[in-house]
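Data file: upload.txt. Format and content: compact mmCIF, C-alpha atoms.
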# COMPACT_ATOMS: atom_id res chain seq x y z
CA MET D 1 27.49 -11.75 12.29
CA ALA D 2 25.63 -14.03 14.66
CA ALA D 3 22.08 -13.08 15.59
CA PRO D 4 21.83 -11.32 18.97
CA LYS D 5 20.94 -13.54 21.85
CA VAL D 6 17.24 -13.72 22.57
CA GLN D 7 16.13 -13.69 26.17
CA ARG D 8 13.08 -15.92 26.22
CA LYS D 9 10.83 -16.20 29.19
CA ILE D 10 7.67 -18.24 28.84
CA LYS D 11 4.67 -18.15 31.09
CA ASN D 12 1.86 -20.50 30.20
CA SER D 13 -1.27 -21.33 32.11
CA THR D 14 -2.77 -23.68 29.51
CA ASN D 15 -1.49 -26.86 31.22
CA GLY D 16 0.53 -27.79 28.16
CA GLN D 17 -2.47 -28.08 25.86
CA GLN D 18 -2.04 -26.58 22.40
CA ALA D 19 -4.94 -24.44 21.19
CA LYS D 20 -6.16 -24.93 17.64
CA LYS D 21 -5.46 -21.31 16.81
CA ASN D 22 -2.35 -19.42 17.86
CA ILE D 23 -1.60 -15.72 17.60
CA VAL D 24 1.84 -14.14 17.86
CA PHE D 25 1.25 -10.62 19.14
CA LEU D 26 4.18 -8.29 18.34
CA ILE D 27 4.71 -5.28 20.62
CA TYR D 28 7.18 -2.59 19.58
CA ASP D 29 7.77 -1.35 23.13
CA LYS D 30 8.56 -2.50 26.63
CA ASN D 31 5.11 -1.35 27.77
CA VAL D 32 1.95 -3.39 27.29
CA SER D 33 -0.62 -0.62 26.90
CA LEU D 34 -4.24 -0.85 27.97
CA ARG D 35 -5.26 -1.28 24.33
CA TYR D 36 -3.00 -4.29 23.92
CA ARG D 37 -4.19 -5.80 27.20
CA LEU D 38 -7.81 -5.45 26.11
CA LEU D 39 -7.13 -7.05 22.73
CA ILE D 40 -5.10 -9.89 24.26
CA SER D 41 -7.69 -10.58 26.97
CA THR D 42 -10.32 -11.04 24.27
CA PHE D 43 -8.33 -13.87 22.67
CA ARG D 44 -9.27 -16.14 25.57
CA GLU D 45 -12.93 -15.96 24.55
CA ARG D 46 -11.92 -17.61 21.26
CA ALA D 47 -9.73 -20.26 22.94
CA ILE D 48 -6.69 -18.70 21.29
CA THR D 49 -3.25 -19.03 22.85
CA PRO D 50 -1.39 -15.72 22.43
CA THR D 51 2.40 -15.57 22.30
CA ILE D 52 3.45 -12.01 23.12
CA VAL D 53 6.80 -10.82 21.76
CA ILE D 54 7.89 -7.64 23.56
CA TRP D 55 10.84 -5.50 22.52
CA GLU D 56 12.45 -3.69 25.42
CA GLN D 57 14.16 -1.29 22.99
CA SER D 58 17.03 0.32 24.89
CA PRO D 59 19.13 -1.95 27.14
CA SER D 60 19.31 0.99 29.56
CA ALA D 61 15.52 1.26 29.86
CA ARG D 62 14.52 2.27 33.36
CA LYS D 63 11.68 -0.21 33.58
CA SER D 64 11.85 -3.75 32.30
CA SER D 65 8.92 -5.73 30.94
CA ALA D 66 10.29 -8.87 32.59
CA LYS D 67 7.69 -8.73 35.35
CA ILE D 68 4.74 -8.53 32.96
CA ASN D 69 2.35 -11.42 33.51
CA ILE D 70 -0.76 -11.88 31.40
CA ALA D 71 -2.93 -14.87 32.26
CA GLY D 72 -2.98 -17.54 29.57
CA ALA D 73 -0.19 -15.97 27.52
CA ARG D 74 3.36 -16.97 26.67
CA ILE D 75 5.78 -14.05 26.79
CA ILE D 76 9.04 -13.67 24.89
CA HIS D 77 11.30 -10.72 25.76
CA LEU D 78 13.66 -9.26 23.18
CA LYS D 79 16.46 -7.15 24.64
CA GLY D 80 17.35 -3.88 22.89
CA GLN D 81 20.75 -3.51 21.25
CA GLY D 82 21.10 0.26 20.71
CA ASP D 83 20.46 3.80 21.87
CA MET D 84 16.99 5.18 21.04
CA ASP D 85 17.85 8.80 21.91
CA THR D 86 19.23 9.75 18.48
CA TRP D 87 18.08 9.13 14.90
CA PHE D 88 21.24 7.16 14.14
CA GLY D 89 20.83 5.18 17.33
CA LYS D 90 17.19 4.42 16.50
CA LEU D 91 18.05 3.16 13.03
CA LYS D 92 20.75 0.91 14.45
CA ALA D 93 18.46 -0.35 17.22
CA VAL D 94 15.63 -1.11 14.77
CA ARG D 95 18.02 -3.00 12.47
CA GLU D 96 19.15 -5.15 15.39
CA TYR D 97 15.53 -5.58 16.47
CA LEU D 98 14.56 -6.97 13.07
CA LYS D 99 17.41 -9.49 13.30
CA THR D 100 16.47 -10.52 16.83
CA LEU D 101 12.77 -10.74 15.96
CA GLY D 102 13.58 -12.94 12.97
CA HIS D 103 15.59 -15.30 15.17
CA ALA D 104 12.76 -15.49 17.73
CA MET D 105 10.09 -16.10 15.09
CA ARG D 106 12.09 -18.90 13.47
CA ASN D 107 12.23 -20.62 16.87
CA ILE D 108 8.43 -20.72 17.06
CA ARG D 109 7.73 -20.95 13.32
CA ASP D 110 5.72 -24.16 13.57
CA GLU D 111 3.43 -22.64 16.19
CA VAL D 112 2.56 -19.53 14.18
CA ASP D 113 -0.95 -19.39 12.76
CA THR D 114 -1.67 -15.66 12.85
CA ILE D 115 0.65 -12.70 13.37
CA TYR D 116 -0.76 -9.56 14.97
CA ALA D 117 1.45 -6.60 14.02
CA THR D 118 1.17 -3.36 15.99
CA HIS D 119 3.75 -1.15 14.28
CA ILE D 120 4.78 -0.26 10.75
CA VAL D 121 8.20 -1.83 11.46
CA HIS D 122 6.43 -5.17 11.91
CA LEU D 123 4.94 -4.87 8.41
CA ILE D 124 8.45 -4.36 7.03
CA PHE D 125 9.58 -7.47 8.92
CA LEU D 126 6.69 -9.53 7.53
CA LEU D 127 7.80 -8.82 3.96
CA ARG D 128 10.69 -11.22 4.63
CA PHE D 129 9.16 -13.63 7.14
CA LYS D 130 7.35 -16.13 4.95
CA LYS D 131 5.21 -19.04 6.10
CA LYS D 132 2.57 -21.01 4.27
CA ASN D 133 -1.02 -20.08 5.19
CA ARG D 134 0.27 -17.33 7.48
CA LYS D 135 -2.40 -14.80 8.42
CA VAL D 136 -1.63 -11.17 9.24
CA ILE D 137 -3.68 -8.69 11.26
CA TYR D 138 -2.49 -5.10 11.72
CA ASP D 139 -3.43 -2.75 14.56
CA ALA D 140 -3.19 0.77 13.14
CA ALA D 141 -2.89 2.64 16.41
CA GLU D 142 0.78 3.43 17.17
CA ASN D 143 1.65 7.05 17.89
CA SER D 144 5.12 7.26 16.37
CA MET D 145 3.91 7.91 12.83
CA LEU D 146 1.08 10.14 14.01
CA LEU D 147 3.55 12.46 15.70
CA LEU D 148 5.55 13.07 12.51
CA PRO D 149 4.07 16.59 12.08
CA VAL D 150 5.64 17.50 15.42
CA LYS D 151 9.02 15.93 14.65
CA PHE D 152 9.35 17.37 11.14
CA GLY D 153 7.96 20.86 11.76
CA PRO D 154 6.91 22.63 8.52
CA LEU D 155 7.39 19.40 6.57
CA GLY D 156 5.28 17.44 9.05
CA ASP D 157 2.16 17.16 6.90
CA VAL D 158 4.19 15.95 3.93
CA ALA D 159 5.99 13.43 6.13
CA ARG D 160 2.71 12.13 7.50
CA MET D 161 1.14 11.76 4.04
CA LEU D 162 4.19 9.89 2.80
CA ALA D 163 4.23 7.63 5.87
CA GLU D 164 0.54 6.84 5.43
CA LYS D 165 1.05 5.90 1.77
CA ILE D 166 3.92 3.60 2.78
CA GLU D 167 1.77 2.11 5.55
CA THR D 168 -1.08 1.38 3.12
CA LEU D 169 1.32 -0.17 0.60
CA LEU D 170 2.88 -2.42 3.28
CA VAL D 171 -0.59 -3.59 4.33
CA LYS D 172 -1.23 -4.65 0.74
CA LEU D 173 2.16 -6.30 0.28
CA THR D 174 1.86 -8.33 3.50
CA LYS D 175 -1.66 -9.36 2.44
CA ALA D 176 -3.12 -8.41 5.81
CA ARG D 177 -6.48 -10.09 6.30
CA ALA D 178 -7.77 -7.52 8.78
CA ILE D 179 -6.96 -4.15 10.32
CA THR D 180 -8.06 -2.84 13.69
CA VAL D 181 -8.04 0.95 13.67
CA SER D 182 -7.87 2.98 16.88
CA GLY D 183 -10.60 5.61 17.31
CA PRO D 184 -8.30 8.62 16.86
CA ARG D 185 -7.28 7.24 13.45
CA ALA D 186 -10.83 6.57 12.25
CA SER D 187 -10.31 8.92 9.30
CA ARG D 188 -7.92 6.31 7.83
CA LEU D 189 -10.62 3.63 7.70
CA PRO D 190 -11.57 4.15 4.01
CA SER D 191 -7.96 3.71 2.88
CA PHE D 192 -7.45 0.65 5.08
CA SER D 193 -10.71 -0.89 3.85
CA LYS D 194 -9.34 -0.81 0.30
CA ALA D 195 -5.97 -2.25 1.37
CA ALA D 196 -7.21 -5.20 3.45
CA LYS D 197 -10.16 -7.58 3.31
CA ASN D 198 -11.56 -6.41 6.63
CA ALA D 199 -11.11 -3.18 8.61
CA GLU D 200 -12.89 -1.99 11.73
CA VAL D 201 -12.53 0.90 14.17
CA ILE D 202 -11.95 -0.52 17.65
CA TRP D 203 -12.04 2.13 20.38
CA THR D 204 -9.81 1.77 23.42
CA VAL D 205 -12.49 2.11 26.08
CA PRO D 206 -13.03 0.76 29.62
CA ALA D 207 -15.24 -2.23 30.36
CA ILE D 208 -18.52 -1.71 32.24
CA SER D 209 -17.28 -4.19 34.85
CA GLN D 210 -14.38 -1.84 35.70
CA SER D 211 -16.47 0.16 38.14
CA ALA D 212 -15.56 1.40 41.61
CA THR D 213 -16.41 -0.64 44.71
CA ASP D 214 -18.68 0.81 47.38
CA GLU D 215 -15.81 0.68 49.88
CA ASP D 216 -13.46 2.69 47.66
CA ILE D 217 -16.20 5.21 46.88
CA ALA D 218 -16.77 5.77 50.60
CA ILE D 219 -13.03 6.32 51.21
CA ALA D 220 -12.73 8.80 48.34
CA LYS D 221 -15.89 10.62 49.44
CA LYS D 222 -14.44 11.15 52.91
CA ARG D 223 -11.22 12.55 51.45
CA LEU D 224 -12.95 14.92 49.02
CA SER D 225 -15.93 15.95 51.15
CA GLY D 226 -16.92 19.63 51.01
CA LYS D 227 -14.84 20.40 47.91
CA LYS D 228 -15.74 21.24 44.33
CA VAL D 229 -13.42 18.74 42.68
CA VAL D 230 -11.97 19.15 39.18
CA ALA D 231 -10.36 15.85 38.12
CA CYS D 232 -7.65 15.34 35.53
CA VAL D 233 -6.52 11.78 34.78
CA GLY D 234 -3.79 10.38 32.57
CA GLY D 235 -0.35 11.77 31.87
CA LEU D 236 0.50 15.46 32.07
CA GLU D 237 3.93 14.78 30.65
CA GLN D 238 4.18 17.92 28.56
CA GLU D 239 5.28 20.91 30.61
CA ALA D 240 2.93 23.18 28.67
CA SER D 241 -0.14 21.12 29.67
CA LEU D 242 0.93 21.14 33.30
CA ARG D 243 1.43 24.92 33.34
CA VAL D 244 -2.03 25.44 31.81
CA ALA D 245 -3.56 23.19 34.47
CA LEU D 246 -1.90 25.10 37.30
CA GLU D 247 -2.84 28.50 35.84
CA VAL D 248 -6.45 27.35 35.66
CA ALA D 249 -6.30 26.09 39.24
CA GLU D 250 -4.75 29.34 40.51
CA SER D 251 -7.36 31.60 38.91
CA MET D 252 -10.26 29.47 40.14
CA VAL D 253 -9.05 28.86 43.70
CA ALA D 254 -8.59 32.63 44.07
CA SER D 255 -12.32 33.10 43.41
CA ASP D 256 -13.61 30.19 45.54
CA GLU D 257 -11.53 28.33 48.11
CA ARG D 258 -13.76 25.27 47.77
CA TYR D 259 -12.32 24.56 44.31
CA PHE D 260 -9.92 21.62 44.46
CA PHE D 261 -7.85 20.17 41.62
CA MET D 262 -6.97 16.46 41.59
CA PHE D 263 -4.47 14.97 39.15
CA ILE D 264 -4.26 11.18 38.83
CA GLY D 265 -1.49 9.54 36.85
CA LYS D 266 2.01 10.19 35.61
CA THR D 267 3.11 13.85 35.68
CA TRP D 268 5.92 15.76 34.10
CA GLY D 269 9.18 14.21 35.29
CA ASN D 270 11.02 17.07 37.06
CA GLN D 271 9.53 16.95 40.56
CA SER D 272 11.57 19.87 41.89
CA ILE D 273 10.20 22.15 39.16
CA LEU D 274 6.71 20.76 39.80
CA LYS D 275 6.94 21.72 43.49
CA LYS D 276 8.21 25.18 42.55
CA LEU D 277 5.33 25.65 40.11
CA ILE D 278 2.81 24.72 42.80
CA CYS D 279 4.49 27.18 45.19
CA ASP D 280 4.65 29.96 42.55
CA HIS D 281 0.95 29.56 41.86
CA ARG D 282 0.17 29.55 45.60
CA LEU D 283 -1.59 26.20 45.37
CA GLU D 284 -0.21 24.33 48.38
CA GLY D 285 -3.15 22.38 49.77
CA GLU D 286 -5.39 23.27 46.80
CA VAL D 287 -4.12 20.59 44.42
CA VAL D 288 -3.18 16.96 44.89
CA PHE D 289 -1.14 14.72 42.60
CA LEU D 290 -1.98 11.03 42.96
CA GLN D 291 0.19 8.42 41.28
CA ASN D 292 -1.09 5.70 38.94
CA MET D 293 -3.54 3.43 40.74
CA PRO D 294 -5.82 0.48 39.89
CA TYR D 295 -8.59 1.54 37.52
CA ARG D 296 -11.42 0.72 39.94
CA LYS D 297 -9.82 2.86 42.64
CA MET D 298 -9.39 5.73 40.19
CA MET D 299 -13.08 5.47 39.34
CA SER D 300 -13.97 5.92 43.03
CA TYR D 301 -12.24 9.31 42.96
CA LEU D 302 -13.91 10.30 39.70
CA GLU D 303 -17.35 9.41 41.04
CA ASN D 304 -16.73 11.88 43.88
CA SER D 305 -15.63 14.65 41.50
CA HIS D 306 -17.66 17.36 39.76
CA VAL D 307 -15.88 18.08 36.45
CA GLY D 308 -13.52 16.03 34.28
CA LEU D 309 -10.70 18.07 32.73
CA ALA D 310 -9.03 16.71 29.55
CA LEU D 311 -6.12 18.99 28.70
CA HIS D 312 -4.23 18.71 25.43
CA SER D 313 -1.05 20.43 24.31
CA LYS D 314 -0.29 21.56 20.79
CA GLU D 315 3.19 20.19 21.36
CA CYS D 316 1.60 16.94 20.12
CA ASP D 317 -0.52 16.37 17.01
CA THR D 318 -3.53 15.65 19.17
CA SER D 319 -5.97 15.87 16.29
CA LEU D 320 -4.63 12.55 15.04
CA SER D 321 -2.87 10.77 17.88
CA SER D 322 -4.25 8.68 20.70
CA VAL D 323 -2.68 11.23 23.03
CA ASP D 324 -5.83 13.24 22.29
CA GLY D 325 -7.18 12.00 25.61
CA SER D 326 -9.90 9.74 24.23
CA LEU D 327 -9.48 7.17 27.01
CA ARG D 328 -9.71 9.74 29.80
CA MET D 329 -12.84 11.17 28.20
CA PHE D 330 -14.50 7.77 28.23
CA SER D 331 -13.46 7.34 31.88
CA PHE D 332 -15.16 10.65 32.69
CA MET D 333 -18.26 9.46 30.82
CA GLN D 334 -18.24 6.19 32.77
CA ALA D 335 -18.19 8.19 36.03
CA GLY D 336 -20.99 10.46 34.84
CA LEU D 337 -18.78 13.57 34.90
CA PRO D 338 -19.35 16.58 32.60
CA ILE D 339 -16.23 17.15 30.52
CA VAL D 340 -14.13 20.19 29.69
CA GLY D 341 -12.03 19.12 26.72
CA ALA D 342 -10.36 20.23 23.49
CA ASP D 343 -12.47 21.42 20.58
CA PHE D 344 -10.79 18.97 18.17
CA SER D 345 -9.99 15.23 17.81
CA GLU D 346 -12.23 12.25 17.12
CA ALA D 347 -13.17 11.67 20.76
CA SER D 348 -14.07 15.33 21.26
CA THR D 349 -16.26 15.22 18.17
CA LEU D 350 -18.21 12.31 19.66
CA ALA D 351 -18.50 13.94 23.06
CA LYS D 352 -19.49 17.31 21.64
CA ALA D 353 -22.24 15.77 19.50
CA THR D 354 -23.65 14.09 22.59
CA GLY D 355 -23.65 17.30 24.62
CA CYS D 356 -21.75 15.80 27.55
CA GLY D 357 -19.46 18.76 28.19
CA LEU D 358 -17.91 22.03 27.04
CA PHE D 359 -15.13 22.05 24.43
CA VAL D 360 -12.63 24.89 24.16
CA ASP D 361 -9.03 25.70 23.26
CA THR D 362 -7.35 23.75 26.07
CA THR D 363 -4.07 25.61 25.59
CA ASN D 364 -5.83 28.80 26.72
CA PRO D 365 -6.14 28.97 30.55
CA VAL D 366 -8.85 31.67 30.39
CA GLU D 367 -11.13 29.59 28.15
CA VAL D 368 -10.58 26.48 30.30
CA SER D 369 -11.25 28.38 33.56
CA THR D 370 -14.42 29.91 32.17
CA ALA D 371 -15.76 26.52 31.05
CA VAL D 372 -14.92 24.76 34.35
CA ALA D 373 -16.43 27.61 36.41
CA TYR D 374 -19.61 27.52 34.33
CA LEU D 375 -20.17 23.83 34.99
CA LEU D 376 -19.41 24.15 38.71
CA ASN D 377 -21.79 27.11 39.04
CA HIS D 378 -24.59 25.41 37.09
CA PRO D 379 -24.85 22.01 38.84
CA ALA D 380 -28.18 21.01 37.25
CA GLU D 381 -26.85 21.53 33.71
CA ALA D 382 -23.56 19.84 34.65
CA LYS D 383 -25.45 16.84 35.99
CA GLU D 384 -27.46 16.60 32.77
CA LYS D 385 -24.30 16.69 30.65
CA GLY D 386 -22.69 14.03 32.84
CA ALA D 387 -25.75 11.81 32.44
CA LYS D 388 -25.56 12.13 28.66
CA GLY D 389 -21.94 11.02 28.73
CA LYS D 390 -22.77 8.08 31.00
CA ASN D 391 -25.53 7.00 28.62
CA LEU D 392 -23.15 7.17 25.65
CA PHE D 393 -20.62 5.02 27.50
CA MET D 394 -23.16 2.43 28.67
CA ASN D 395 -24.91 2.05 25.33
CA LYS D 396 -22.22 2.51 22.72
CA TYR D 397 -18.61 3.02 23.80
CA ASN D 398 -17.50 0.37 26.29
CA TRP D 399 -15.22 -2.64 25.89
CA ASP D 400 -18.09 -5.08 26.33
CA LEU D 401 -19.45 -3.84 22.99
CA GLU D 402 -16.11 -3.12 21.29
CA SER D 403 -14.86 -6.63 22.08
CA ARG D 404 -17.81 -8.10 20.18
CA LYS D 405 -16.77 -6.13 17.08
CA PHE D 406 -13.20 -7.30 17.61
CA LEU D 407 -14.20 -10.96 18.01
CA LYS D 408 -16.27 -10.85 14.85
CA LEU D 409 -13.35 -9.35 12.93
CA LEU D 410 -10.96 -11.90 14.45
CA HIS D 411 -13.21 -14.81 13.48
CA THR D 412 -13.40 -13.57 9.87
CA ALA D 413 -9.65 -13.00 9.63
CA MET D 414 -8.60 -16.35 11.09
CA ASN D 415 -10.98 -18.47 9.02
Can you turn what I pasted into structure tokens?
Amino acid sequence: MAAPKVQRKIKNSTNGQQAKKNIVFLIYDKNVSLRYRLLISTFRERAITPTIVIWEQSPSARKSSAKINIAGARIIHLKGQGDMDTWFGKLKAVREYLKTLGHAMRNIRDEVDTIYATHIVHLIFLLRFKKKNRKVIYDAAENSMLLLPVKFGPLGDVARMLAEKIETLLVKLTKARAITVSGPRASRLPSFSKAAKNAEVIWTVPAISQSATDEDIAIAKKRLSGKKVVACVGGLEQEASLRVALEVAESMVASDERYFFMFIGKTWGNQSILKKLICDHRLEGEVVFLQNMPYRKMMSYLENSHVGLALHSKECDTSLSSVDGSLRMFSFMQAGLPIVGADFSEASTLAKATGCGLFVDTTNPVEVSTAVAYLLNHPAEAKEKGAKGKNLFMNKYNWDLESRKFLKLLHTAMN
């Protein structure tokens, strides 16, 4: 059977000059996440030309990656060949993906110096893709394996342990020179350190330069003036999380009409049910849902808020996965907001130790309401907690500092 046709689209801003070091960055999704964009942007500081290979998975995907444009990068798009909605369909699609990826990699074989894998499937692929002096780096951050406890129910913990053992073995077999570990998976660092020559936790955090402009702050201030604003950013794509948020808003607005809840980002998909929920909770005019917006603009809204709300649902294994809201917590810290977040996960552990918020069972509307109300009714203490979070962001957890760790690891791995 002939290899599936590869749709290749190259964008290159290097004026035809070949860099001494080249990285092929494999992405197992049609979306280029913030983490990947941060890692890729750092390559330019090392005069490295990245070639980004993106798999669009399902051919019926609603959004294509074809419009993605990353300065200084070449982009190769691989079209999906199967249905990702069923287990059988996923297995078939992954099999076709491995064939298509192999075809694409053979086309650029001579240009490959280092391969940056971002999914366990890539490690399987690299067992067969051989090249002399090839270097492998693995980013241990993908959510698919972390969510196994949810997908397998009572057998979830066993499935996760097995998957982690396979992951560690594949790292050894591919002779990975380095591993970048996302913050929520920091507990895996000891195992990875034994499997590869170099391993480092690299947090997905904003850069200090990504601050709001004075103009945007003034616009947001005018819109939110006179309100006690509770901000929630990031996706509320689980219905349970959304219902908790609206229950919290309803109970608080009933006690003080100045309370105002602002949600920024992607929300649960069924808009008709969302409108009904808002109506049922009598929250027309008391909540606002703002779509995804540029980061700087989002920061202008956060800097005019009073409390940052990081809700988590037990529908996901948030103690392990990056869906634990770590990025939103760091955004709240950057804005100097006191946080109400979950009493578990790596990011919460850091925030709790710093004293920059209150941490409760975020699936319990009563506990969340009590915590939010406490911070709003004790402004001096809330301000102090917000300042502690801001200090933690400025001095330890920002991309300016994390990128230095990443560059050092990259230099070691590629030489």
- Message: Can you pull out the residues contacting D:Asn415? Cut-off 12 Å, using all atoms listed in the file, and skip same-chain residues under 6 positions away; I want them as a ChimeraX atom specification.
- Response: /D:20-21,113-114,133-136,177-178,408-409
- Residue among D:Trp55, D:Phe129, D:Phe88, D:Tyr28 lying closest to D:Ala141, counting all atoms listed in the file: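 Among the listed residues, the smallest separation from D:Ala141 belongs to D:Tyr28.
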- Residue nearest D:Lys352 among D:Leu123, D:Ile23, D:Val372, D:Met329 (counting all atoms listed in the file): D:Met329
- Task: Enter the distance from atom CA of D:Ser41 to atom CA of D:Leu189, in Å, rounded to one decimal.
- Result: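 Taking atom CA of D:Ser41 and atom CA of D:Leu189, their separation equals 24.1 Å.
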Using all atoms listed in the file, which protein or nucleic acid residues come within 12 Å of D:Gly389? Drop anything in the same chain fewer than 5 positions from it, and give the result as a compact mmCIF listing (two decimals) with C-alpha atoms, in the coordinates of the input.
# COMPACT_ATOMS: atom_id res chain seq x y z
CA GLY D 308 -13.52 16.03 34.28
CA MET D 329 -12.84 11.17 28.20
CA PHE D 330 -14.50 7.77 28.23
CA SER D 331 -13.46 7.34 31.88
CA PHE D 332 -15.16 10.65 32.69
CA MET D 333 -18.26 9.46 30.82
CA GLN D 334 -18.24 6.19 32.77
CA ALA D 335 -18.19 8.19 36.03
CA GLY D 336 -20.99 10.46 34.84
CA LEU D 337 -18.78 13.57 34.90
CA PRO D 338 -19.35 16.58 32.60
CA ILE D 339 -16.23 17.15 30.52
CA ALA D 347 -13.17 11.67 20.76
CA SER D 348 -14.07 15.33 21.26
CA LEU D 350 -18.21 12.31 19.66
CA ALA D 351 -18.50 13.94 23.06
CA LYS D 352 -19.49 17.31 21.64
CA ALA D 353 -22.24 15.77 19.50
CA THR D 354 -23.65 14.09 22.59
CA GLY D 355 -23.65 17.30 24.62
CA CYS D 356 -21.75 15.80 27.55
CA GLY D 357 -19.46 18.76 28.19
CA LEU D 358 -17.91 22.03 27.04
CA ALA D 382 -23.56 19.84 34.65
CA LYS D 383 -25.45 16.84 35.99
CA GLU D 384 -27.46 16.60 32.77
CA MET D 394 -23.16 2.43 28.67
CA ASN D 395 -24.91 2.05 25.33
CA LYS D 396 -22.22 2.51 22.72
CA TYR D 397 -18.61 3.02 23.80
CA ASN D 398 -17.50 0.37 26.29
- Item | Point-to-point distance from atom CA of D:Thr180 to atom CA of D:Leu410, Å rounded to tenths | 9.5 Å
